[in-house]
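A.B. asks: Quick one: the structure is below, and I'll ask about it shortly.
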Amino acid sequence: MQYVTFEKDRKFDLILVGRIAIDFNPLDYFKPLSESQQYRKYLGGSPANVAVGLARLGKKVGFIGKVSDDQFGDYVTDFFAKEGIDVSRVVRAKGGEKLGLTFTEILSPSDSSILMYRDGVADLMLDPSEVDEEYIASSKALLISGTALAQSPSREACLKAMQLAEKNNTKIIFDIDYRAYNWKSKDEIAVYYTAVAEHADIIMGSREEYDLTQAIFAPDMNDEQTAEYWFGKRAKIVIIKHGKKGSTAHTCDGKKYNIKPFPVEAFKSFGGGDGYGSAFMYGMFEGKDIMDCLELGSASASMLVSAHGCSEFMPTVEELEKFIAEEKKQFGDMIARG
C-alpha cells in the first residue's frame, strides 16, 4: 500500500531545508577527543548528509540553505554540485557568519559523541525572503530539519517553506533531528517542533525526540499513542527509532512495521540515521512497499556506522543492494525484519 503519493512530473524528488556544516572525524580514534590530533574533514549536517545520500541513489535533489562566504562555503557548495545536488538556492551569508563545525569523538565502536560549534552560524541566518514558491512547487517533497527551527530567521524560513509546500501539494517530511545547541528551553522546542509536525505527511525521530515534541500537551505517550496522535493531524507515516533495537514505521491504517539493524562490525555509533533517512525516502519515491523501504534504510544505516565518515560513504543503489544480498546470504532472508 502506498501511504504517501507524490505529484508526478516535478523537477525534484526532494528539496531539503536546514544546516550544511563540516564534520571533523579523528584519524587517531579510540581515544578521548582531547587526545586526538589528526582529523579528516567531511561535509556534514544531517539534512546535508541526507541530500547526498539520496543523490547517490539516483534521485533529483535540491537544497535551501545558507553557507559561509569563504573557503569552507566553497567546499560544501562544490561538494553538493559534484554530487548532482542543485545549489541554486544555497546562498552565502553576508554578515560574517561561519559554517557550523562538529568534532567527533570515537572512543569505541559503541561509544561516540560530538562537540558542535553552533554560535553565529550561517545556516540559522536563512531568511524567509530566500525561500520562493516556484522552487518549492518544483519538488515532490520537502524535508524540514528540526535543527533549522532553533533560531530566527531560519525558523520563519522553514515555516514559510512548509506553507508553500501545502499550497502546492508538495509532501512534507519532518526529520526532528534534535540537537541541544541553540535552543533556549524545552517549551520552545515543543512549540516549534509541533508547528511543523502538525503539517507533516511523514515524521521521523527517536523516542526522545517525540517526547520533546510532545512535552507540552502529551509528555507520557507510548509509541502507539504517539503515532495515533499525529495521525489525527496530517501524518500518514510515523517512524520511531530505538537505536540498536531498530525502528518501527507506524502507518495511518493502524499497522506497524518493525526493522532491526543489519549485523555489522560497527566503527562508530553516529551517522546511521542519515543513511537510514535517505535510503528510506529513496524507497518511497520508487513506490516500494513500506517494509522494503525500511529494509533499505536499515541497510544504509548499518553501512554508515561501519564507515569513518558519513557524506562521502553514502552508498549507491548497487552498493546497497549488494550489501543486503550478502547480509541475507550470511544471516538469512529475515535477518532485519521482525
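Labels used: A, B, ... for chains in the order of the C-alpha cells, numbers from 1 for residues in each chain, and numbers from 1 for ligands as shown.
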Under the rule of at most 12 Å, produce a per-residue listing of region 50-122 of chain A near region 293-297 of chain A: chain, number, name, the closest pair of atoms, and the distance in Å, as JSON lines, using only C-alpha atoms.
C.D. replies:
```
{"residue": "A:Val50", "atom": "CA", "partner": "A:Gly297", "partner_atom": "CA", "distance": 11.4}
{"residue": "A:Gly53", "atom": "CA", "partner": "A:Gly297", "partner_atom": "CA", "distance": 10.8}
{"residue": "A:Leu54", "atom": "CA", "partner": "A:Gly297", "partner_atom": "CA", "distance": 11.2}
{"residue": "A:Leu57", "atom": "CA", "partner": "A:Leu296", "partner_atom": "CA", "distance": 11.0}
```
A.B. asks: Residues near region 45-47 of chain A, anyone? I mean within 8 Å using only C-alpha atoms, not counting same-chain ones fewer than 3 positions away, as a list in words.
C.D. replies: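 Residues meeting the cut-off are Leu16, Val17, Gly18, Arg19, Ile20, Ala21, Ile22, Asp23, Val50, Ala51, Ser145, Asp177 and Asp274 of chain A.
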A.B. asks: I need the chosen residues saved as a PDB file, in the first residue's frame, with C-alpha atoms.
C.D. replies:
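File written: result-v6.pdb
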```pdb
ATOM      1  CA  LEU A  16      15.667  19.903   1.907  1.00  0.00           C
ATOM      2  CA  VAL A  17      15.837  22.877   4.268  1.00  0.00           C
ATOM      3  CA  GLY A  18      18.402  23.047   7.034  1.00  0.00           C
ATOM      4  CA  ARG A  19      22.004  23.030   8.010  1.00  0.00           C
ATOM      5  CA  ILE A  20      25.067  22.437   5.926  1.00  0.00           C
ATOM      6  CA  ALA A  21      28.103  22.055   8.154  1.00  0.00           C
ATOM      7  CA  ILE A  22      31.525  20.474   8.372  1.00  0.00           C
ATOM      8  CA  ASP A  23      32.494  17.393  10.359  1.00  0.00           C
ATOM      9  CA  VAL A  50      20.548  13.014   3.608  1.00  0.00           C
ATOM     10  CA  ALA A  51      20.728  15.126   0.446  1.00  0.00           C
ATOM     11  CA  SER A 145      15.155  19.510   9.635  1.00  0.00           C
ATOM     12  CA  ASP A 177      16.838  15.963  14.211  1.00  0.00           C
ATOM     13  CA  ASP A 274      21.197   9.964   7.861  1.00  0.00           C
TER      14      ASP A 274
END
```
A.B. asks: Residues of region 42-262 of chain A in strand (DSSP E or B) according to DSSP, as an MDAnalysis selection string?
C.D. replies: chainID A and resid 42:44 61:67 86:92 98 101:108 111:117 121 139:145 171:175 202:206 237:241 247:251 256:259
A.B. asks: Can you pull out the residues contacting region 225-227 of chain A? Cut-off 10 Å, using only C-alpha atoms, and skip same-chain residues under 6 positions away; I want them as a PyMOL selection string.
C.D. replies: chain A and resi 203+207+210-211+214+218-219+235-240+249-252+254+256
A.B. asks: Using only N, CA and C atoms, please write the residues we just selected to a file, as a PDB file, in the first residue's frame.
C.D. replies:
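File written: result-v6.pdb
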```pdb
ATOM      1  N   ILE A 203       6.787  11.749   9.534  1.00  0.00           N
ATOM      2  CA  ILE A 203       7.593  12.251  10.644  1.00  0.00           C
ATOM      3  C   ILE A 203       8.596  11.172  11.015  1.00  0.00           C
ATOM      4  N   ARG A 207      12.582   8.126  20.074  1.00  0.00           N
ATOM      5  CA  ARG A 207      11.613   8.247  21.170  1.00  0.00           C
ATOM      6  C   ARG A 207      11.840   9.549  21.937  1.00  0.00           C
ATOM      7  N   TYR A 210      10.430  12.554  19.965  1.00  0.00           N
ATOM      8  CA  TYR A 210       8.970  12.677  20.068  1.00  0.00           C
ATOM      9  C   TYR A 210       8.567  13.188  21.444  1.00  0.00           C
ATOM     10  N   ASP A 211       9.250  12.752  22.489  1.00  0.00           N
ATOM     11  CA  ASP A 211       8.937  13.236  23.830  1.00  0.00           C
ATOM     12  C   ASP A 211       9.156  14.742  23.927  1.00  0.00           C
ATOM     13  N   GLN A 214       6.299  16.550  22.083  1.00  0.00           N
ATOM     14  CA  GLN A 214       5.004  16.452  22.749  1.00  0.00           C
ATOM     15  C   GLN A 214       5.043  16.908  24.209  1.00  0.00           C
ATOM     16  N   ALA A 218       1.406  16.294  25.690  1.00  0.00           N
ATOM     17  CA  ALA A 218       1.285  14.849  25.919  1.00  0.00           C
ATOM     18  C   ALA A 218       2.656  14.260  26.234  1.00  0.00           C
ATOM     19  N   PRO A 219       3.169  14.528  27.438  1.00  0.00           N
ATOM     20  CA  PRO A 219       4.548  14.127  27.738  1.00  0.00           C
ATOM     21  C   PRO A 219       4.753  12.643  28.002  1.00  0.00           C
ATOM     22  N   ALA A 235      -0.276  13.351   9.505  1.00  0.00           N
ATOM     23  CA  ALA A 235       0.714  12.320   9.196  1.00  0.00           C
ATOM     24  C   ALA A 235       0.084  11.046   8.649  1.00  0.00           C
ATOM     25  N   LYS A 236       0.809  10.445   7.705  1.00  0.00           N
ATOM     26  CA  LYS A 236       0.441   9.140   7.161  1.00  0.00           C
ATOM     27  C   LYS A 236       1.413   8.053   7.632  1.00  0.00           C
ATOM     28  N   ILE A 237       2.671   8.448   7.892  1.00  0.00           N
ATOM     29  CA  ILE A 237       3.698   7.526   8.380  1.00  0.00           C
ATOM     30  C   ILE A 237       4.428   8.197   9.527  1.00  0.00           C
ATOM     31  N   VAL A 238       4.549   7.491  10.651  1.00  0.00           N
ATOM     32  CA  VAL A 238       5.290   7.974  11.814  1.00  0.00           C
ATOM     33  C   VAL A 238       6.369   6.946  12.125  1.00  0.00           C
ATOM     34  N   ILE A 239       7.621   7.337  11.936  1.00  0.00           N
ATOM     35  CA  ILE A 239       8.746   6.432  12.189  1.00  0.00           C
ATOM     36  C   ILE A 239       9.357   6.780  13.538  1.00  0.00           C
ATOM     37  N   ILE A 240       9.449   5.770  14.404  1.00  0.00           N
ATOM     38  CA  ILE A 240      10.029   5.955  15.731  1.00  0.00           C
ATOM     39  C   ILE A 240      11.252   5.045  15.844  1.00  0.00           C
ATOM     40  N   ALA A 249       7.877   1.668  11.768  1.00  0.00           N
ATOM     41  CA  ALA A 249       7.065   2.589  10.977  1.00  0.00           C
ATOM     42  C   ALA A 249       5.605   2.314  11.290  1.00  0.00           C
ATOM     43  N   HIS A 250       4.947   3.277  11.908  1.00  0.00           N
ATOM     44  CA  HIS A 250       3.512   3.196  12.169  1.00  0.00           C
ATOM     45  C   HIS A 250       2.798   3.868  10.995  1.00  0.00           C
ATOM     46  N   THR A 251       1.747   3.248  10.512  1.00  0.00           N
ATOM     47  CA  THR A 251       1.028   3.785   9.357  1.00  0.00           C
ATOM     48  C   THR A 251      -0.412   4.115   9.731  1.00  0.00           C
ATOM     49  N   CYS A 252      -1.002   5.017   8.961  1.00  0.00           N
ATOM     50  CA  CYS A 252      -2.298   5.596   9.300  1.00  0.00           C
ATOM     51  C   CYS A 252      -3.460   4.607   9.245  1.00  0.00           C
ATOM     52  N   GLY A 254      -3.361   1.873  10.950  1.00  0.00           N
ATOM     53  CA  GLY A 254      -3.259   1.131  12.200  1.00  0.00           C
ATOM     54  C   GLY A 254      -2.225   0.031  12.214  1.00  0.00           C
ATOM     55  N   LYS A 256       1.797  -1.524  11.891  1.00  0.00           N
ATOM     56  CA  LYS A 256       3.159  -1.119  12.214  1.00  0.00           C
ATOM     57  C   LYS A 256       4.138  -2.149  11.655  1.00  0.00           C
TER      58      LYS A 256
END
```
A.B. asks: Excluding region 155-161 of chain A and its own-chain neighbours fewer than 2 positions away, which residues fall within 8 Å of it when counting only C-alpha atoms? Please give them as a list in words.
C.D. replies: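 Here the qualifying residues turn out to be Val17, Leu124, Leu126, Asp127, Pro128, Ser129, Glu130, Val131, Asp132, Glu133, Ile136, Ile144, Ala148, Leu149, Ala150, Gln151, Ser152, Pro153, Gln163, Leu164, Ala165 and Val196 of chain A.
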A.B. asks: Could you check which of A:Val121, A:Ile173, A:Ile85, A:Met116 is closest to Ser68 (chain A), using only C-alpha atoms?
C.D. replies: A:Val121
A.B. asks: Counting only C-alpha atoms, which residue out of A:Ile64, A:Ile106, A:Val305, A:Ile189 sits closest to Pro32 (chain A)?
C.D. replies: A:Ile106
A.B. asks: Rank A:Gly44, A:Gly73, A:Pro26, A:Gly275 by their smallest atom-to-atom distance to Ser113 (chain A), using only C-alpha atoms, and report the top residue only.
C.D. replies: A:Pro26
A.B. asks: Figure out the distance between CA of Ala93 (chain A) and CA of Asp78 (chain A), please, to one decimal in Å.
C.D. replies: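 Between these atoms lies a distance of 16.2 Å.
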A.B. asks: Pick from A:Gly120, A:Pro109, A:Gly332, A:Gly205: nearest to Glu97 (chain A), with only C-alpha atoms counted?
C.D. replies: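 Residue with the minimum atom-to-atom distance to Glu97 (chain A): A:Gly120.
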